[in-house]
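Participant: There's a structure below that I have some questions on.
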Amino acid sequence: MAVNMSERIAVLGAGPMGLAVAYQLAKDGHKPVVFEADDRVGGMTAAFDFGGLSIERYYHFHCISDTAFLQMLDELGLAEKMHWVETKMGYFYQGRLQAWGNPMALLRFKGLGWIAKFRYGLHAFLSTKRNDWRPLDKVEATGWIKRWVGAEAYEVLWRKLFDLKFYDYAHGLSAAWIWSRVRRIGRSRYDLFREKLGYLDGGSETLLQGMRAAIEAMGGEFRLSSPVSKVVMSDGKVQGLESKGEFHPYEKVVSTIPLPLVPRVMPDLPASVMSRFQALRNIAVVCVIAKLRKPVTENFWLNTNDPEMDIPGIVEYTNLRPLEQNVVYVPFYLPGEHPKYQDSDEIFLDKVRRYLKKVNPALTDEDFIDMRASRYRYAQPICDPGYLEKLPPVSLPVQGLWVADTSYYYPEDRGISESIGFGRKMARMAAPVVSSA
């Protein structure tokens, strides 16, 4: 039932999910106030100045199935800035750069027997056609993949991807979560042999600034460089929040900050809820972005299986979005407590130089124009079997408090479209539509 009372509601975090919450609240007639620790909106999608080029710290791409993202572009009048490109995948294995990502590439792949190729292809095809993930929810992923593709294909095509992203957690992941990743890429194809991905003119910053402008035009507010130190609650209700030493009264708070930060910001949560948040684990990332004078390969996505490389792949961004110079992302995923996460930026930059020159021996040190490393401690939730039921409910047992992050659209992997879709649903959970009566 619609009501006439507009509410002033605090939103924690200005990543895509937080922006989506604020956008929907403002659209429904409320007054969202967004608190963000960073000096800019975007979270993991935020851009930085890379030697005169404004670009995301971490790579992003869009698939034709990203419905919530495409709907938001339409609402913001940005649809014409979206472009779809036929992209290529590759695989660097046994010192050889090979095509990848379609049936013909699989048939021609060197280093894998025919039976292994058949089993791998069948598994990928059926994963793309599957819609119901619940039978896979409590199944362990590596065992599930081995049963389908066999030991040979698992060793060549899967093991390094697991080991170099999840390390000690590699054998405790949900098959439903892995399946969703296979399906998303598979459904980005417009036929068996061609893949189509999308990019925005100006990158994600175009969407972020469009959402921010719309929120402000509808009466929403932003408090940047304003980390929330505590959500204040008493008598089972939200009273407000503390930021930069000041108390701000609110009866409703919607949080989209990473779940591992929740216990610190909400120390007065009931013990039963607190323990569920404290049990969650995340993988960190050190993502190197390099600007080069020449391309590395013709692929957007390059999987790697090489004993000298501790990375699962390389993303050659300018093979999707054209830029004046060649831009490559090289992510190092690892647990935040792993000793390597403490290595200096220069160690990671040196590795990337070596790895890219190994993939393309024509590259020289002079071809590297600029390089940067960015770190994010809570880049990827570790989704173990039965993950969703282990999460606390979005609507917590504290009146006026809703909490979620990218974990909550499991088994889908973190993505801008999923964040937008879930954020808009959270807004509707927190506040009804304000009637015009």
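Residue numbering restarts at 1 for every chain of the structure tokens, chains are lettered A, B, ... in their displayed order, and ligands are numbered from 1 as they appear.
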Where does DSSP see alpha helix (DSSP H) in stretch 149-192 of chain A, if you list the residues as a PyMOL selection string?

Facilitator: chain A and resi 149-153+159-166+175-186

Participant: Got time to write the residues from that selection, N, CA and C atoms, as a PDB file, in the first residue's frame?

Facilitator:
ATOM      1  N   VAL A 149      34.453 -33.550 -16.721  1.00  0.00           N
ATOM      2  CA  VAL A 149      35.460 -33.380 -17.773  1.00  0.00           C
ATOM      3  C   VAL A 149      36.603 -34.380 -17.685  1.00  0.00           C
ATOM      4  N   GLY A 150      36.763 -35.062 -16.536  1.00  0.00           N
ATOM      5  CA  GLY A 150      37.854 -36.017 -16.376  1.00  0.00           C
ATOM      6  C   GLY A 150      39.120 -35.367 -15.849  1.00  0.00           C
ATOM      7  N   ALA A 151      40.048 -36.203 -15.406  1.00  0.00           N
ATOM      8  CA  ALA A 151      41.269 -35.714 -14.767  1.00  0.00           C
ATOM      9  C   ALA A 151      42.153 -34.921 -15.732  1.00  0.00           C
ATOM     10  N   GLU A 152      42.222 -35.355 -16.991  1.00  0.00           N
ATOM     11  CA  GLU A 152      43.114 -34.694 -17.943  1.00  0.00           C
ATOM     12  C   GLU A 152      42.674 -33.259 -18.227  1.00  0.00           C
ATOM     13  N   ALA A 153      41.413 -33.082 -18.580  1.00  0.00           N
ATOM     14  CA  ALA A 153      40.912 -31.739 -18.888  1.00  0.00           C
ATOM     15  C   ALA A 153      40.930 -30.854 -17.636  1.00  0.00           C
ATOM     16  N   ARG A 159      42.578 -26.612 -13.166  1.00  0.00           N
ATOM     17  CA  ARG A 159      43.237 -26.636 -11.859  1.00  0.00           C
ATOM     18  C   ARG A 159      43.927 -25.318 -11.534  1.00  0.00           C
ATOM     19  N   LYS A 160      44.679 -24.766 -12.488  1.00  0.00           N
ATOM     20  CA  LYS A 160      45.405 -23.523 -12.206  1.00  0.00           C
ATOM     21  C   LYS A 160      44.451 -22.371 -11.946  1.00  0.00           C
ATOM     22  N   LEU A 161      43.294 -22.376 -12.624  1.00  0.00           N
ATOM     23  CA  LEU A 161      42.325 -21.312 -12.396  1.00  0.00           C
ATOM     24  C   LEU A 161      41.828 -21.330 -10.951  1.00  0.00           C
ATOM     25  N   PHE A 162      41.587 -22.528 -10.425  1.00  0.00           N
ATOM     26  CA  PHE A 162      41.176 -22.644  -9.026  1.00  0.00           C
ATOM     27  C   PHE A 162      42.319 -22.291  -8.080  1.00  0.00           C
ATOM     28  N   ASP A 163      43.475 -22.910  -8.320  1.00  0.00           N
ATOM     29  CA  ASP A 163      44.588 -22.762  -7.375  1.00  0.00           C
ATOM     30  C   ASP A 163      45.120 -21.340  -7.314  1.00  0.00           C
ATOM     31  N   LEU A 164      45.133 -20.637  -8.445  1.00  0.00           N
ATOM     32  CA  LEU A 164      45.724 -19.303  -8.482  1.00  0.00           C
ATOM     33  C   LEU A 164      44.714 -18.194  -8.209  1.00  0.00           C
ATOM     34  N   LYS A 165      43.496 -18.573  -7.882  1.00  0.00           N
ATOM     35  CA  LYS A 165      42.540 -17.567  -7.421  1.00  0.00           C
ATOM     36  C   LYS A 165      42.154 -17.801  -5.964  1.00  0.00           C
ATOM     37  N   PHE A 166      42.082 -19.076  -5.577  1.00  0.00           N
ATOM     38  CA  PHE A 166      41.557 -19.366  -4.242  1.00  0.00           C
ATOM     39  C   PHE A 166      42.546 -20.062  -3.312  1.00  0.00           C
ATOM     40  N   ALA A 175      29.665 -25.546  -6.535  1.00  0.00           N
ATOM     41  CA  ALA A 175      29.540 -25.813  -7.965  1.00  0.00           C
ATOM     42  C   ALA A 175      28.556 -24.849  -8.616  1.00  0.00           C
ATOM     43  N   ALA A 176      27.539 -24.410  -7.871  1.00  0.00           N
ATOM     44  CA  ALA A 176      26.569 -23.457  -8.435  1.00  0.00           C
ATOM     45  C   ALA A 176      27.247 -22.144  -8.802  1.00  0.00           C
ATOM     46  N   TRP A 177      28.186 -21.698  -7.970  1.00  0.00           N
ATOM     47  CA  TRP A 177      28.878 -20.448  -8.249  1.00  0.00           C
ATOM     48  C   TRP A 177      29.758 -20.571  -9.492  1.00  0.00           C
ATOM     49  N   ILE A 178      30.480 -21.704  -9.630  1.00  0.00           N
ATOM     50  CA  ILE A 178      31.314 -21.924 -10.818  1.00  0.00           C
ATOM     51  C   ILE A 178      30.443 -22.036 -12.062  1.00  0.00           C
ATOM     52  N   TRP A 179      29.339 -22.759 -11.942  1.00  0.00           N
ATOM     53  CA  TRP A 179      28.425 -22.915 -13.089  1.00  0.00           C
ATOM     54  C   TRP A 179      27.949 -21.557 -13.599  1.00  0.00           C
ATOM     55  N   SER A 180      27.627 -20.640 -12.697  1.00  0.00           N
ATOM     56  CA  SER A 180      27.094 -19.340 -13.131  1.00  0.00           C
ATOM     57  C   SER A 180      28.113 -18.574 -13.962  1.00  0.00           C
ATOM     58  N   ARG A 181      29.400 -18.732 -13.664  1.00  0.00           N
ATOM     59  CA  ARG A 181      30.442 -18.060 -14.429  1.00  0.00           C
ATOM     60  C   ARG A 181      30.531 -18.647 -15.841  1.00  0.00           C
ATOM     61  N   VAL A 182      30.468 -19.982 -15.938  1.00  0.00           N
ATOM     62  CA  VAL A 182      30.504 -20.651 -17.243  1.00  0.00           C
ATOM     63  C   VAL A 182      29.302 -20.223 -18.084  1.00  0.00           C
ATOM     64  N   ARG A 183      28.131 -20.188 -17.452  1.00  0.00           N
ATOM     65  CA  ARG A 183      26.907 -19.852 -18.185  1.00  0.00           C
ATOM     66  C   ARG A 183      26.929 -18.400 -18.668  1.00  0.00           C
ATOM     67  N   ARG A 184      27.398 -17.467 -17.839  1.00  0.00           N
ATOM     68  CA  ARG A 184      27.364 -16.053 -18.230  1.00  0.00           C
ATOM     69  C   ARG A 184      28.192 -15.815 -19.489  1.00  0.00           C
ATOM     70  N   ILE A 185      29.405 -16.368 -19.520  1.00  0.00           N
ATOM     71  CA  ILE A 185      30.245 -16.190 -20.706  1.00  0.00           C
ATOM     72  C   ILE A 185      29.646 -16.928 -21.899  1.00  0.00           C
ATOM     73  N   GLY A 186      29.119 -18.153 -21.642  1.00  0.00           N
ATOM     74  CA  GLY A 186      28.523 -18.926 -22.730  1.00  0.00           C
ATOM     75  C   GLY A 186      27.349 -18.212 -23.375  1.00  0.00           C
TER      76      GLY A 186
END

Participant: Give one line per residue of stretch 262-336 of chain A that approaches stretch 397-407 of chain A to at most 9 Å, naming the two atoms of the closest pair and their distance in Å to one decimal, counting only C-alpha atoms; sort by chain then ascending residue number and deliver it as a tab-separated table.

Facilitator:
residue	atom	partner	partner_atom	distance
A:Val262	CA	A:Val403	CA	8.4
A:Leu269	CA	A:Val398	CA	7.8
A:Pro270	CA	A:Pro397	CA	7.9
A:Val273	CA	A:Pro397	CA	8.4

Participant: Atoms to include: N, CA and C atoms. Write the selected residues as a PDB file, in the first residue's frame.

Facilitator:
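Ended up saving to out.pdb:
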ATOM      1  N   VAL A 262      31.189  -5.254   8.294  1.00  0.00           N
ATOM      2  CA  VAL A 262      29.960  -5.053   9.063  1.00  0.00           C
ATOM      3  C   VAL A 262      30.175  -5.199  10.566  1.00  0.00           C
ATOM      4  N   LEU A 269      25.173  -5.477  16.919  1.00  0.00           N
ATOM      5  CA  LEU A 269      24.274  -6.478  16.351  1.00  0.00           C
ATOM      6  C   LEU A 269      24.106  -7.646  17.321  1.00  0.00           C
ATOM      7  N   PRO A 270      22.961  -8.323  17.261  1.00  0.00           N
ATOM      8  CA  PRO A 270      22.795  -9.518  18.094  1.00  0.00           C
ATOM      9  C   PRO A 270      23.907 -10.535  17.826  1.00  0.00           C
ATOM     10  N   VAL A 273      23.656 -13.005  14.902  1.00  0.00           N
ATOM     11  CA  VAL A 273      23.857 -12.414  13.584  1.00  0.00           C
ATOM     12  C   VAL A 273      25.336 -12.084  13.375  1.00  0.00           C
TER      13      VAL A 273
END

Participant: What is the atom CA of A:Tyr91 to atom CA of A:Asp168 distance in Å?

Facilitator: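 Going from atom CA of A:Tyr91 over to atom CA of A:Asp168, I get 24.3 Å.
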
Participant: What is the distance, in Å and to one decimal place, between atom CA of A:Lys351 and atom CA of A:Thr318?

Facilitator: 20.8 Å

Participant: Select from stretch 69-157 of chain A every residue with an atom at most 8 Å from any atom of stretch 305-311 of chain A, then for each give the shortest pair of atoms and their distance in Å to one decimal, using only C-alpha atoms, rows by chain and rising number, as CSV.

Facilitator:
residue,atom,partner,partner_atom,distance
A:Tyr91,CA,A:Asn305,CA,7.8
A:Phe92,CA,A:Asn305,CA,6.2
A:Tyr93,CA,A:Asn305,CA,5.2
A:Gln94,CA,A:Asp306,CA,6.7
A:Gly95,CA,A:Asp306,CA,7.3
A:Val156,CA,A:Asn305,CA,7.4
A:Leu157,CA,A:Asn305,CA,7.6

Participant: Write the residues you've just listed into a file as a PDB file, in the first residue's frame, and include N, CA and C atoms for each of them.

Facilitator:
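What follows is the written file selection26.pdb:
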ATOM      1  N   TYR A  91      44.254 -18.992 -25.018  1.00  0.00           N
ATOM      2  CA  TYR A  91      44.806 -19.802 -23.931  1.00  0.00           C
ATOM      3  C   TYR A  91      46.314 -19.910 -24.133  1.00  0.00           C
ATOM      4  N   PHE A  92      47.077 -19.528 -23.116  1.00  0.00           N
ATOM      5  CA  PHE A  92      48.532 -19.658 -23.179  1.00  0.00           C
ATOM      6  C   PHE A  92      48.914 -20.896 -22.389  1.00  0.00           C
ATOM      7  N   TYR A  93      49.342 -21.935 -23.108  1.00  0.00           N
ATOM      8  CA  TYR A  93      49.631 -23.229 -22.482  1.00  0.00           C
ATOM      9  C   TYR A  93      50.829 -23.865 -23.175  1.00  0.00           C
ATOM     10  N   GLN A  94      51.735 -24.411 -22.366  1.00  0.00           N
ATOM     11  CA  GLN A  94      52.963 -25.038 -22.871  1.00  0.00           C
ATOM     12  C   GLN A  94      53.751 -24.084 -23.768  1.00  0.00           C
ATOM     13  N   GLY A  95      53.794 -22.810 -23.353  1.00  0.00           N
ATOM     14  CA  GLY A  95      54.551 -21.805 -24.091  1.00  0.00           C
ATOM     15  C   GLY A  95      53.963 -21.430 -25.425  1.00  0.00           C
ATOM     16  N   VAL A 156      44.586 -29.621 -17.157  1.00  0.00           N
ATOM     17  CA  VAL A 156      45.062 -28.676 -18.169  1.00  0.00           C
ATOM     18  C   VAL A 156      44.292 -27.362 -18.129  1.00  0.00           C
ATOM     19  N   LEU A 157      42.969 -27.440 -17.968  1.00  0.00           N
ATOM     20  CA  LEU A 157      42.126 -26.266 -18.200  1.00  0.00           C
ATOM     21  C   LEU A 157      41.507 -25.650 -16.946  1.00  0.00           C
TER      22      LEU A 157
END

Participant: Do you know which residues are at most 10 Å from A:Pro16 counting only C-alpha atoms, after dropping those on the same chain fewer than 4 positions away, and could you put them as a list in words?

Facilitator: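 Contacts, with the query itself left out: Ala20, Val21, Ala22, Val41, Gly42, Gly43, Met44, Thr45, Ala46, Phe69, Ser204, Leu207, Leu208, Met211, Thr256, Thr406, Gly415, Ile416, Ser417, Glu418, Ser419, Ile420, Gly421, Phe422 and Gly423 of chain A.
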
Participant: Near A:Lys390, counting only C-alpha atoms, which residues have an atom at most 10 Å away, once you skip same-chain residues fewer than 4 positions from it, shown as a PyMOL selection string?

Facilitator: chain A and resi 276-277+279-280+383-386

Participant: Quick one: write out the picked residues with N, CA, C and O atoms as a PDB file, in the first residue's frame?

Facilitator:
ATOM      1  N   ARG A 276      27.543 -14.919  12.203  1.00  0.00           N
ATOM      2  CA  ARG A 276      27.386 -15.297  10.798  1.00  0.00           C
ATOM      3  C   ARG A 276      28.203 -14.376   9.894  1.00  0.00           C
ATOM      4  O   ARG A 276      28.798 -14.825   8.912  1.00  0.00           O
ATOM      5  N   PHE A 277      28.236 -13.098  10.210  1.00  0.00           N
ATOM      6  CA  PHE A 277      29.085 -12.183   9.443  1.00  0.00           C
ATOM      7  C   PHE A 277      30.570 -12.506   9.643  1.00  0.00           C
ATOM      8  O   PHE A 277      31.361 -12.474   8.699  1.00  0.00           O
ATOM      9  N   ALA A 279      31.965 -15.254  10.160  1.00  0.00           N
ATOM     10  CA  ALA A 279      32.374 -16.525   9.549  1.00  0.00           C
ATOM     11  C   ALA A 279      32.655 -16.395   8.055  1.00  0.00           C
ATOM     12  O   ALA A 279      33.232 -17.300   7.450  1.00  0.00           O
ATOM     13  N   LEU A 280      32.288 -15.254   7.455  1.00  0.00           N
ATOM     14  CA  LEU A 280      32.451 -15.092   6.008  1.00  0.00           C
ATOM     15  C   LEU A 280      33.901 -14.768   5.657  1.00  0.00           C
ATOM     16  O   LEU A 280      34.585 -14.066   6.391  1.00  0.00           O
ATOM     17  N   CYS A 383      32.569 -18.480  -1.899  1.00  0.00           N
ATOM     18  CA  CYS A 383      31.231 -19.076  -1.869  1.00  0.00           C
ATOM     19  C   CYS A 383      31.349 -20.587  -1.742  1.00  0.00           C
ATOM     20  O   CYS A 383      31.556 -21.296  -2.734  1.00  0.00           O
ATOM     21  N   ASP A 384      31.247 -21.073  -0.522  1.00  0.00           N
ATOM     22  CA  ASP A 384      31.324 -22.511  -0.308  1.00  0.00           C
ATOM     23  C   ASP A 384      29.947 -23.139  -0.505  1.00  0.00           C
ATOM     24  O   ASP A 384      28.943 -22.428  -0.643  1.00  0.00           O
ATOM     25  N   PRO A 385      29.861 -24.469  -0.563  1.00  0.00           N
ATOM     26  CA  PRO A 385      28.565 -25.116  -0.791  1.00  0.00           C
ATOM     27  C   PRO A 385      27.524 -24.674   0.242  1.00  0.00           C
ATOM     28  O   PRO A 385      27.809 -24.563   1.434  1.00  0.00           O
ATOM     29  N   GLY A 386      26.304 -24.404  -0.244  1.00  0.00           N
ATOM     30  CA  GLY A 386      25.242 -23.935   0.632  1.00  0.00           C
ATOM     31  C   GLY A 386      25.432 -22.514   1.102  1.00  0.00           C
ATOM     32  O   GLY A 386      24.907 -22.126   2.149  1.00  0.00           O
TER      33      GLY A 386
END

Participant: Which of stretch 81-308 of chain A end up as strand (DSSP E or B) when DSSP is run on this backbone - answer as JSON, numbers by chain?

Facilitator: {"A": [82, 83, 84, 85, 86, 87, 89, 90, 91, 92, 93, 96, 97, 98, 99, 100, 140, 174, 189, 190, 191, 194, 195, 196, 197, 198, 199, 200, 221, 222, 223, 228, 229, 230, 231, 232, 233, 234, 237, 238, 239, 240, 241, 242, 243, 246, 247, 248, 249, 253, 254, 255, 282, 283, 284, 285, 286, 287, 288, 289, 290, 291, 292, 301, 302, 303, 304, 305]}

Participant: Could you please determine the separation between atom CA of A:Ala427 and atom CA of A:Ser272 in Å, to one decimal place?

Facilitator: 24.9 Å

Participant: Against stretch 363-372 of chain A, which residues of stretch 15-56 of chain A fall within 12 Å? For each one I want the closest pair of atoms and the distance in Å (one decimal), counting only C-alpha atoms, rows by chain and increasing residue number, as CSV.

Facilitator:
residue,atom,partner,partner_atom,distance
A:Phe48,CA,A:Arg372,CA,10.5
A:Asp49,CA,A:Arg372,CA,10.5
A:Phe50,CA,A:Arg372,CA,8.0
A:Gly51,CA,A:Asp370,CA,7.5
A:Gly52,CA,A:Asp370,CA,10.9
A:Leu53,CA,A:Asp370,CA,11.0
A:Ile55,CA,A:Arg372,CA,11.7
A:Glu56,CA,A:Arg372,CA,11.6

Participant: Would you mind exporting the chosen residues as a compact mmCIF listing (two decimals), in the first residue's frame, restricted to N, CA and C atoms?

Facilitator:
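File written: part-v4.txt
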# COMPACT_ATOMS: atom_id res chain seq x y z
N PHE A 48 40.32 6.10 -12.12
CA PHE A 48 41.44 6.90 -11.62
C PHE A 48 42.17 7.50 -12.83
N ASP A 49 43.04 8.46 -12.56
CA ASP A 49 43.79 9.12 -13.63
C ASP A 49 45.05 8.31 -13.91
N PHE A 50 45.05 7.61 -15.03
CA PHE A 50 46.17 6.75 -15.42
C PHE A 50 46.97 7.47 -16.49
N GLY A 51 47.79 8.41 -16.06
CA GLY A 51 48.61 9.16 -17.01
C GLY A 51 47.81 9.92 -18.04
N GLY A 52 46.74 10.57 -17.59
CA GLY A 52 45.90 11.33 -18.50
C GLY A 52 44.70 10.57 -19.03
N LEU A 53 44.62 9.28 -18.74
CA LEU A 53 43.48 8.46 -19.16
C LEU A 53 42.64 8.12 -17.94
N ILE A 55 40.25 5.78 -16.25
CA ILE A 55 39.92 4.37 -16.49
C ILE A 55 39.72 3.66 -15.16
N GLU A 56 38.96 2.58 -15.17
CA GLU A 56 38.69 1.83 -13.96
C GLU A 56 39.97 1.22 -13.37
